[in-house]
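As structure tokens, the structure follows; a few thoughts come after it.
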Amino acid sequence: MIPQQEIEIRNRYEELLKPLFFPDDPIGKDIVNYLASLLRIVGMEDGGWDPYLESRAIVDDLYSLFDFELPTSKFSNPQLTKWRLALLFYSHIVEMDAPYEVIMNLLRIKLGKYYSPNPFFDFLTPNEQKNYAKKGLYPKDKIRLIKQLSSEAGLGIGEIFDEFYNSKLRNAISHADYIFAGNEFRCRNGTGSVGAFRISIDELNDIILKAKLFLFTFFQLERAARKHLGQLKNKALPYDQHYKGLMEILVDDEDVMCGFKVYWPNYSTSTYRRSEEGCEMTNCMLGRHLRVELMVGLYARNPGDFSPLVETGHSPRYMPLEGTGMKPDWPST
């Protein structure tokens, strides 16, 4: 049975994050940016390049190990072994790229900006941008920018990270500069006592618990959002009023959104699809400034009033929907 405290924390995190994953108008003008944020578009890839899959698997494995009763014949102190696993669990959570990037992109969209495969770069100082190629960004830098945009959006998402992210703890684990002594986690901070610190087991447990609840809430909302979008499968959604593009939400075997396909009235399509086999991008690219751009195919030589893609006196021609095989039509006004 889940303790009431955990339920309350998880519910609070869900309420703080939910406005990002379930915007008021998910199929409005920003639908491509919204879908791109959930799909983490980075370009065309074959299978075996998405670290998010491995990150989720490691988290699941480590969490499952906590349930095992470790034999004393193999482990001299099974309880301490589980604390060591818990530190690896915490370290992996705070180092994972995907949660930070998805949240940052959803915040960008909330503020009227576009999706970016590198959502933090625009908000770095010129000096930080120069150093980015060499050093990348530490978790604390990503959290700082998430808190900045969260504040601008009038959301309290920064509160979540304040509850579990501890840069001193993260550094101690990353550099193996710690020891368990009695009921404490201790770090001497290198070779001397200056900067040494200790964390009680109770406090450490609270930090790791909240990190776990944050990540599991993220996983839950990310999947719930894609599952909700999956309900739109087999439909032709008006996407582009100028070119008269119709969008179909693509789903996997569990009806979870895994991509999208835009049908243009000149019998061409633009597709993005993510699966374990890789990422498919057809007439879809990361263009200037790494924005998601869709290519519409050939323009009409003598366009009529309906669309720049349809000749005067001709009817629009859309390819059949992938999910049903039925030819879609632009809705009549």
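Following the order of the structure tokens, chains are lettered A, B, ..., residues in each are numbered from 1, and ligands are numbered from 1.
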All residues 8 Å or closer to Leu321 in chain A, only C-alpha atoms, same chain fewer than 5 positions away omitted, as a VMD selection string: chain A and resid 234 236 248 326 to 328
Do a neighbour search on His289 in chain A at 12 Å with only C-alpha atoms, toss out local chain neighbours closer than 5 positions, and write the hits as a compact mmCIF listing (two decimals) with C-alpha atoms, in the first residue's frame.
# COMPACT_ATOMS: atom_id res chain seq x y z
CA TYR A 114 8.89 27.26 -30.79
CA TYR A 115 10.20 23.76 -30.12
CA SER A 116 13.97 23.28 -30.15
CA PRO A 117 16.09 20.10 -29.88
CA ASN A 118 18.36 22.26 -27.72
CA PRO A 119 15.76 24.23 -25.73
CA PHE A 121 20.68 27.43 -25.73
CA ASP A 122 18.66 30.57 -26.54
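Note that DSSP on the backbone gives strand (DSSP E or B) to these residues of range 3-244 of chain A: Glu45, Asp46, Ile179, Phe180, Ala181, Glu184, Phe185, Arg186, Cys187, Phe197, Arg198, Ile199, Ser200, Lys233, Leu237, Pro238, Tyr239 and Asp240 of chain A.
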Mind dumping the selected residues with N, CA and C atoms as a PDB file, in the first residue's frame?
ATOM      1  N   GLU A  45      16.775   9.033 -37.432  1.00  0.00           N
ATOM      2  CA  GLU A  45      17.690   8.080 -36.808  1.00  0.00           C
ATOM      3  C   GLU A  45      17.222   6.659 -37.096  1.00  0.00           C
ATOM      4  N   ASP A  46      18.175   5.732 -37.149  1.00  0.00           N
ATOM      5  CA  ASP A  46      17.769   4.331 -37.163  1.00  0.00           C
ATOM      6  C   ASP A  46      17.639   3.861 -35.714  1.00  0.00           C
ATOM      7  N   ILE A 179      30.943   8.790   1.916  1.00  0.00           N
ATOM      8  CA  ILE A 179      30.957   7.554   2.687  1.00  0.00           C
ATOM      9  C   ILE A 179      29.735   7.531   3.595  1.00  0.00           C
ATOM     10  N   PHE A 180      29.218   6.344   3.846  1.00  0.00           N
ATOM     11  CA  PHE A 180      28.166   6.192   4.841  1.00  0.00           C
ATOM     12  C   PHE A 180      28.840   5.921   6.184  1.00  0.00           C
ATOM     13  N   ALA A 181      28.461   6.685   7.188  1.00  0.00           N
ATOM     14  CA  ALA A 181      29.015   6.512   8.529  1.00  0.00           C
ATOM     15  C   ALA A 181      27.871   6.594   9.529  1.00  0.00           C
ATOM     16  N   GLU A 184      24.537   8.580   8.736  1.00  0.00           N
ATOM     17  CA  GLU A 184      24.804   9.785   7.946  1.00  0.00           C
ATOM     18  C   GLU A 184      25.464   9.457   6.603  1.00  0.00           C
ATOM     19  N   PHE A 185      25.201  10.320   5.653  1.00  0.00           N
ATOM     20  CA  PHE A 185      25.937  10.375   4.395  1.00  0.00           C
ATOM     21  C   PHE A 185      26.936  11.512   4.585  1.00  0.00           C
ATOM     22  N   ARG A 186      28.228  11.233   4.374  1.00  0.00           N
ATOM     23  CA  ARG A 186      29.246  12.264   4.607  1.00  0.00           C
ATOM     24  C   ARG A 186      30.106  12.478   3.366  1.00  0.00           C
ATOM     25  N   CYS A 187      30.472  13.734   3.150  1.00  0.00           N
ATOM     26  CA  CYS A 187      31.365  14.100   2.040  1.00  0.00           C
ATOM     27  C   CYS A 187      32.391  15.083   2.575  1.00  0.00           C
ATOM     28  N   PHE A 197      30.488  18.197   4.294  1.00  0.00           N
ATOM     29  CA  PHE A 197      29.101  18.259   4.757  1.00  0.00           C
ATOM     30  C   PHE A 197      28.593  16.863   5.057  1.00  0.00           C
ATOM     31  N   ARG A 198      27.457  16.817   5.749  1.00  0.00           N
ATOM     32  CA  ARG A 198      26.824  15.547   6.085  1.00  0.00           C
ATOM     33  C   ARG A 198      25.316  15.683   5.912  1.00  0.00           C
ATOM     34  N   ILE A 199      24.690  14.574   5.571  1.00  0.00           N
ATOM     35  CA  ILE A 199      23.234  14.529   5.401  1.00  0.00           C
ATOM     36  C   ILE A 199      22.724  13.329   6.193  1.00  0.00           C
ATOM     37  N   SER A 200      21.741  13.547   7.022  1.00  0.00           N
ATOM     38  CA  SER A 200      21.211  12.433   7.797  1.00  0.00           C
ATOM     39  C   SER A 200      20.499  11.450   6.872  1.00  0.00           C
ATOM     40  N   LYS A 233      -6.628   9.468 -33.365  1.00  0.00           N
ATOM     41  CA  LYS A 233      -6.170   8.664 -34.500  1.00  0.00           C
ATOM     42  C   LYS A 233      -7.290   8.527 -35.543  1.00  0.00           C
ATOM     43  N   LEU A 237      -7.317  16.266 -39.120  1.00  0.00           N
ATOM     44  CA  LEU A 237      -7.467  17.520 -38.382  1.00  0.00           C
ATOM     45  C   LEU A 237      -6.986  18.680 -39.239  1.00  0.00           C
ATOM     46  N   PRO A 238      -7.806  19.706 -39.449  1.00  0.00           N
ATOM     47  CA  PRO A 238      -7.333  20.884 -40.191  1.00  0.00           C
ATOM     48  C   PRO A 238      -6.099  21.471 -39.510  1.00  0.00           C
ATOM     49  N   TYR A 239      -5.011  21.541 -40.256  1.00  0.00           N
ATOM     50  CA  TYR A 239      -3.752  21.971 -39.652  1.00  0.00           C
ATOM     51  C   TYR A 239      -3.294  23.332 -40.174  1.00  0.00           C
ATOM     52  N   ASP A 240      -3.351  23.534 -41.476  1.00  0.00           N
ATOM     53  CA  ASP A 240      -2.801  24.752 -42.077  1.00  0.00           C
ATOM     54  C   ASP A 240      -3.880  25.420 -42.915  1.00  0.00           C
TER      55      ASP A 240
END
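Using only C-alpha atoms for every distance, the candidate list A:Gly287, A:Gly156, A:Gly245, A:Pro51 yields A:Gly245 as the residue closest to Pro331 in chain A.
Residue nearest His175 in chain A within the list A:Ser332, A:Gln220, A:Ser268, A:Asn189: A:Asn189 [criterion: smallest interatomic distance, only C-alpha atoms].
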What's around Ala225 in chain A at 10 Å? Count only C-alpha atoms, leave out sequence neighbours fewer than 6 positions away in its own chain, and write the answer as a count of residues only. 10
